[in-house]
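Written below as structure tokens is the structure these notes are about.
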Amino acid sequence: MYFPLTFWDISLWLAVTSIILLATSEILSPYYGRVNIWINKKRLKLVSLTLGILFMITVVIRVLEIIIF
Amino acid sequence: MNDVTKRIQELENEKETLRSKLWKQQRKPAGKVGYLLLFLGFVALAASIFVPSNMNYMLAFVGLGLTFWGALLLYIKPTRYVKASLLDSTAISNLIAIDQIIADLNYGGRGIYLPPRYLRELKGGTVYIPSEDALTIPPVEEVAQERVFLKNPNGVCLTPSGLGLVNLYERELRTDFAKVDLDYLQNNLPKLFIEDLEMAEELEINPQNNLIHVKITGAVYQDLCREVRKLRNICNSFGCPLCSSIAIALTRATGKPIIMEKNEIGPDGKTIEVYYRILEE
């Protein structure tokens with residue numbers, strides 16, 4: 001019984017997801033096309049930035065590991 | 001020919017109404033989708049941890065993704081949306097009351113939006129409606145007494161219908177319109193209207209000397225605007241909440257009294273064009 005994803009898998013996932021969300025939040029407009037789900041753009045941007053920051057933290061950890069070891 | 005154009009316009013409007021009804025029928029609740037994704041994600045994550053299989057790695061990724069998107073859908077849902085018709089019904093009765101009061105007083109002048117130096121509070125606002133159709137601006141001392149009825153010159157000072165709205169604009173932009181200029185409004189109000197408050201599809205502000213042309217397309221207040229047009233003393237005098245809020249923003253930014261010179265709605269009913277005039281004291 002173990003969690004199969006490593007730290008670096010999650011780092012990669014964070015990078016991909018944050019890029020997708022950031023691009024979405026930037027190009028999203030409530031008036032371009034009818035959508036079925038209403039979205040709070042501010043919150044979407046907040047989530048994408050948070051994921052981006054989390055990814056940067058994993059990168060910093062990686063760099064520190066390289067420098068220290 | 002005119003009848004045909006009118007009929008086409010009616011059919012276009014009917015089509016829009018039916019389209020919005022159909023869209024409402026087809027709408028899926030985002031909350032349920034969010035919970036479903038969250039549940040499936042947890043199941044996949046649990047399976048990746050507890051069930052020994054060659055697919056653990058994939059299951060964990062799928063679980064992580066589904067859980068995240070489920071949580072995201074629940075988080076990014078707007079807190080609460082109200083129908084525009086509800087908004088209109090709430091505002092219209094107050095405007096009818098103001099219209100009746102002005103009609104009863106027989107005050108026929110255009111409403112003059114007074115800048116902040118006439119007022120005690122920076123966040124306040126006053127529209128002065130003179131008794132006669134002349135653009136007489138009352139002296140600062142007279143307005144500063146905060147009386148409703150002024151004697152010299154004869155007129156009435158009212159709190160504008162767009163005051164709450166303009167204070168909301170300032171809060172959203174984290175600024176004070178009295179400390180900015182017209183360029184700032186020209187650059188920032190369109191983004192605020194379209195993206196932040198989502199209250200219009202388009203907004204253009206074009207200053208031409210002392211005249212400022214404002215064009216609003218697809219405003220959430222367009223139905224209210226149509227209703228207000230039926231009232232005799234509101235549109236070019238007291239103003240509906242939307243036009244009034246822009247007038248207050250302009251008077252705060254320019255520091256000069258403003259009147260609504262002309263106010264018209266496009267044939268499609270979606271475009272509102274207002275001409276504001278800056279008055280020289």
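Lettering and numbering for the structure tokens are positional, with chains as A, B, ... in the shown order, residues counted from 1 in each chain, and ligands counted from 1 in the shown order.
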Exercise for the section: For Leu135 of chain B, work out the shell of residues within 12 Å, counting only C-alpha atoms and skipping chain neighbours fewer than 6 positions away, then give it as a VMD selection string. Expected result: chain B and resid 108 to 113 128 to 129 153 to 155 237 257 to 261 277 to 281
Practice task
Restrict the distance test to only C-alpha atoms, flag each residue of chain A within 6 Å of chain B, and return the flagged residues as a PyMOL selection string.
Solution key: chain A and resi 1-4+36-37+39-40+43-44
Handout entry: Nearest residue to Leu197 of chain B from the set B:Tyr169, B:Tyr118, B:Phe149, B:Tyr184 (distances using only C-alpha atoms)
Key =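 Ranking B:Tyr169, B:Tyr118, B:Phe149, B:Tyr184 by distance to Leu197 of chain B, first place goes to B:Tyr169.
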Close residues, Phe42 of chain B itself excluded, 9 Å, only C-alpha atoms, min 5 positions apart in chain, as an mmCIF file with N, CA and C atoms, in the first residue's frame:
```cif
data_model
loop_
_atom_site.group_PDB
_atom_site.id
_atom_site.type_symbol
_atom_site.label_atom_id
_atom_site.label_comp_id
_atom_site.auth_asym_id
_atom_site.auth_seq_id
_atom_site.Cartn_x
_atom_site.Cartn_y
_atom_site.Cartn_z
ATOM 1 N N LEU B 37 -17.239 14.636 -10.083
ATOM 2 C CA LEU B 37 -15.809 14.539 -10.395
ATOM 3 C C LEU B 37 -14.990 14.291 -9.123
ATOM 4 N N ALA B 47 -8.192 3.698 -5.143
ATOM 5 C CA ALA B 47 -7.886 2.460 -5.877
ATOM 6 C C ALA B 47 -6.394 2.374 -6.174
ATOM 7 N N GLY B 63 -6.930 10.046 -10.809
ATOM 8 C CA GLY B 63 -7.575 10.410 -9.539
ATOM 9 C C GLY B 63 -7.225 11.828 -9.129
ATOM 10 N N LEU B 64 -5.936 12.145 -9.250
ATOM 11 C CA LEU B 64 -5.472 13.490 -8.883
ATOM 12 C C LEU B 64 -6.163 14.547 -9.759
ATOM 13 N N LEU B 66 -9.025 14.259 -11.539
ATOM 14 C CA LEU B 66 -10.479 14.349 -11.306
ATOM 15 C C LEU B 66 -10.779 15.071 -10.003
ATOM 16 N N THR B 67 -10.029 14.748 -8.944
ATOM 17 C CA THR B 67 -10.258 15.395 -7.645
ATOM 18 C C THR B 67 -10.032 16.897 -7.775
#
```
Exercise for the section: Calculate how many Å separate atom CA of Thr24 of chain A from atom CA of Ala71 of chain B, rounding to one decimal. Expected result: 16.8 Å
If we count only C-alpha atoms, what is near segment 50-66 of chain A at a cut-off of 9 Å, once residues fewer than 6 positions away on the same chain are taken out, given as a PDB file with C-alpha atoms, in the first residue's frame?
```pdb
ATOM      1  CA  PHE A   7       7.343  14.296  -5.861  1.00  0.00           C
ATOM      2  CA  TRP A   8       8.501  14.983  -9.434  1.00  0.00           C
ATOM      3  CA  ILE A  10       3.292  15.949  -8.906  1.00  0.00           C
ATOM      4  CA  SER A  11       5.645  18.789  -9.842  1.00  0.00           C
ATOM      5  CA  LEU A  12       5.093  18.062 -13.530  1.00  0.00           C
ATOM      6  CA  TRP A  13       1.329  17.813 -13.014  1.00  0.00           C
ATOM      7  CA  LEU A  14       1.346  21.161 -11.210  1.00  0.00           C
ATOM      8  CA  ALA A  15       3.253  22.794 -14.079  1.00  0.00           C
ATOM      9  CA  THR A  17      -2.265  22.267 -14.848  1.00  0.00           C
ATOM     10  CA  SER A  18      -1.190  25.786 -13.852  1.00  0.00           C
ATOM     11  CA  ILE A  19      -0.308  26.655 -17.471  1.00  0.00           C
ATOM     12  CA  LEU A  21      -5.594  27.275 -16.043  1.00  0.00           C
ATOM     13  CA  LEU A  22      -3.618  30.481 -16.441  1.00  0.00           C
TER      14      LEU A  22
END
```
Where does DSSP see helix (DSSP H, G or I) in segment 71-277 of chain B, if you list the residues as a PDB file with C-alpha atoms, in the first residue's frame?
```pdb
ATOM      1  CA  ALA B  71     -12.756  20.824  -6.306  1.00  0.00           C
ATOM      2  CA  LEU B  72     -12.021  23.554  -8.851  1.00  0.00           C
ATOM      3  CA  LEU B  73     -15.540  23.435 -10.292  1.00  0.00           C
ATOM      4  CA  LEU B  74     -17.019  23.773  -6.822  1.00  0.00           C
ATOM      5  CA  TYR B  75     -14.673  26.639  -5.964  1.00  0.00           C
ATOM      6  CA  ILE B  76     -15.012  28.718  -9.135  1.00  0.00           C
ATOM      7  CA  ALA B  84     -31.641  40.921 -14.353  1.00  0.00           C
ATOM      8  CA  SER B  85     -35.442  41.134 -14.267  1.00  0.00           C
ATOM      9  CA  LEU B  86     -35.281  41.024 -10.456  1.00  0.00           C
ATOM     10  CA  LEU B  87     -32.794  43.878 -10.502  1.00  0.00           C
ATOM     11  CA  ASP B  88     -35.043  45.933 -12.789  1.00  0.00           C
ATOM     12  CA  SER B  89     -38.172  45.322 -10.735  1.00  0.00           C
ATOM     13  CA  THR B  90     -36.396  46.482  -7.581  1.00  0.00           C
ATOM     14  CA  ALA B  91     -35.112  49.707  -9.103  1.00  0.00           C
ATOM     15  CA  ILE B  92     -38.076  50.801 -11.215  1.00  0.00           C
ATOM     16  CA  SER B  93     -40.494  51.643  -8.381  1.00  0.00           C
ATOM     17  CA  ASN B  94     -38.038  54.100  -6.803  1.00  0.00           C
ATOM     18  CA  LEU B  95     -37.552  55.802 -10.160  1.00  0.00           C
ATOM     19  CA  ILE B  96     -41.323  56.017 -10.672  1.00  0.00           C
ATOM     20  CA  ALA B  97     -41.615  57.697  -7.268  1.00  0.00           C
ATOM     21  CA  ILE B  98     -38.897  60.228  -8.154  1.00  0.00           C
ATOM     22  CA  ASP B  99     -40.595  60.879 -11.513  1.00  0.00           C
ATOM     23  CA  GLN B 100     -43.898  61.547  -9.776  1.00  0.00           C
ATOM     24  CA  ILE B 101     -42.276  63.931  -7.291  1.00  0.00           C
ATOM     25  CA  ILE B 102     -40.513  65.904 -10.038  1.00  0.00           C
ATOM     26  CA  ALA B 103     -43.707  66.000 -12.126  1.00  0.00           C
ATOM     27  CA  ASP B 104     -45.720  67.162  -9.124  1.00  0.00           C
ATOM     28  CA  LEU B 105     -43.219  69.915  -8.356  1.00  0.00           C
ATOM     29  CA  PRO B 116     -17.321  66.593  -4.773  1.00  0.00           C
ATOM     30  CA  ARG B 117     -16.270  70.116  -3.672  1.00  0.00           C
ATOM     31  CA  TYR B 118     -19.963  70.999  -3.373  1.00  0.00           C
ATOM     32  CA  VAL B 140     -21.390  75.919  -3.055  1.00  0.00           C
ATOM     33  CA  GLU B 141     -22.656  77.393   0.250  1.00  0.00           C
ATOM     34  CA  GLU B 142     -26.248  76.727  -0.727  1.00  0.00           C
ATOM     35  CA  VAL B 143     -25.629  73.057  -1.622  1.00  0.00           C
ATOM     36  CA  ALA B 144     -23.310  72.439   1.354  1.00  0.00           C
ATOM     37  CA  LEU B 163     -24.384  56.689  -6.234  1.00  0.00           C
ATOM     38  CA  GLY B 164     -24.151  53.146  -4.812  1.00  0.00           C
ATOM     39  CA  LEU B 165     -22.980  51.870  -8.179  1.00  0.00           C
ATOM     40  CA  VAL B 166     -20.202  54.459  -8.575  1.00  0.00           C
ATOM     41  CA  ASN B 167     -18.942  53.755  -5.058  1.00  0.00           C
ATOM     42  CA  LEU B 168     -18.829  50.072  -6.057  1.00  0.00           C
ATOM     43  CA  TYR B 169     -16.725  51.011  -9.125  1.00  0.00           C
ATOM     44  CA  GLU B 170     -14.298  52.841  -6.846  1.00  0.00           C
ATOM     45  CA  ARG B 171     -14.088  49.906  -4.454  1.00  0.00           C
ATOM     46  CA  GLU B 172     -13.444  47.475  -7.319  1.00  0.00           C
ATOM     47  CA  LEU B 173     -10.784  49.718  -8.885  1.00  0.00           C
ATOM     48  CA  PHE B 177     -12.381  59.093  -8.889  1.00  0.00           C
ATOM     49  CA  ALA B 178     -11.837  62.564  -7.392  1.00  0.00           C
ATOM     50  CA  LYS B 179      -8.081  61.881  -7.559  1.00  0.00           C
ATOM     51  CA  LEU B 182     -10.771  61.536 -17.526  1.00  0.00           C
ATOM     52  CA  ASP B 183      -8.034  59.434 -19.183  1.00  0.00           C
ATOM     53  CA  TYR B 184      -8.087  57.071 -16.229  1.00  0.00           C
ATOM     54  CA  LEU B 185     -11.842  56.542 -16.608  1.00  0.00           C
ATOM     55  CA  GLN B 186     -11.451  56.085 -20.351  1.00  0.00           C
ATOM     56  CA  ASN B 187      -8.844  53.360 -19.824  1.00  0.00           C
ATOM     57  CA  ASN B 188     -10.237  51.578 -16.760  1.00  0.00           C
ATOM     58  CA  LEU B 189     -14.036  51.768 -16.832  1.00  0.00           C
ATOM     59  CA  PRO B 190     -14.410  49.517 -19.935  1.00  0.00           C
ATOM     60  CA  LYS B 191     -12.423  46.699 -18.283  1.00  0.00           C
ATOM     61  CA  LEU B 192     -14.398  47.128 -15.061  1.00  0.00           C
ATOM     62  CA  PHE B 193     -17.748  47.008 -16.880  1.00  0.00           C
ATOM     63  CA  ILE B 194     -16.863  44.084 -19.158  1.00  0.00           C
ATOM     64  CA  GLU B 195     -14.541  41.826 -17.175  1.00  0.00           C
ATOM     65  CA  ASP B 196     -14.792  42.626 -13.483  1.00  0.00           C
ATOM     66  CA  GLN B 222     -30.987  47.581 -20.854  1.00  0.00           C
ATOM     67  CA  ASP B 223     -34.497  46.433 -19.914  1.00  0.00           C
ATOM     68  CA  LEU B 224     -34.609  48.934 -17.071  1.00  0.00           C
ATOM     69  CA  CYS B 225     -33.394  51.581 -19.511  1.00  0.00           C
ATOM     70  CA  ARG B 226     -36.332  50.815 -21.830  1.00  0.00           C
ATOM     71  CA  GLU B 227     -38.767  51.056 -18.907  1.00  0.00           C
ATOM     72  CA  VAL B 228     -37.258  54.298 -17.623  1.00  0.00           C
ATOM     73  CA  ILE B 234     -35.944  60.587 -15.432  1.00  0.00           C
ATOM     74  CA  CYS B 235     -33.840  59.911 -18.516  1.00  0.00           C
ATOM     75  CA  ASN B 236     -32.320  63.321 -19.204  1.00  0.00           C
ATOM     76  CA  SER B 237     -32.759  64.700 -15.739  1.00  0.00           C
ATOM     77  CA  PHE B 238     -32.348  62.426 -12.729  1.00  0.00           C
ATOM     78  CA  PRO B 241     -28.718  53.944 -12.140  1.00  0.00           C
ATOM     79  CA  LEU B 242     -26.305  53.152 -14.992  1.00  0.00           C
ATOM     80  CA  CYS B 243     -26.252  56.570 -16.711  1.00  0.00           C
ATOM     81  CA  SER B 244     -26.293  58.286 -13.336  1.00  0.00           C
ATOM     82  CA  SER B 245     -23.305  56.284 -12.069  1.00  0.00           C
ATOM     83  CA  ILE B 246     -21.267  57.298 -15.142  1.00  0.00           C
ATOM     84  CA  ALA B 247     -22.294  60.934 -14.657  1.00  0.00           C
ATOM     85  CA  ILE B 248     -21.079  60.857 -11.035  1.00  0.00           C
ATOM     86  CA  ALA B 249     -17.806  59.202 -12.084  1.00  0.00           C
ATOM     87  CA  LEU B 250     -17.306  61.943 -14.702  1.00  0.00           C
ATOM     88  CA  THR B 251     -18.135  64.784 -12.328  1.00  0.00           C
ATOM     89  CA  ARG B 252     -15.743  63.354  -9.726  1.00  0.00           C
ATOM     90  CA  ALA B 253     -12.933  62.915 -12.255  1.00  0.00           C
ATOM     91  CA  THR B 254     -13.339  66.280 -13.991  1.00  0.00           C
TER      92      THR B 254
END
```
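Atom to atom, atom CA of Glu146 of chain B and atom CA of Ser161 of chain B stand 17.0 Å apart.
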Exercise for the section: Mind giving me the straight-line distance from atom CA of Val220 of chain B to atom CA of Cys240 of chain B in Å, one decimal? Expected result: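 Result for atom CA of Val220 of chain B versus atom CA of Cys240 of chain B: 12.5 Å, one decimal.
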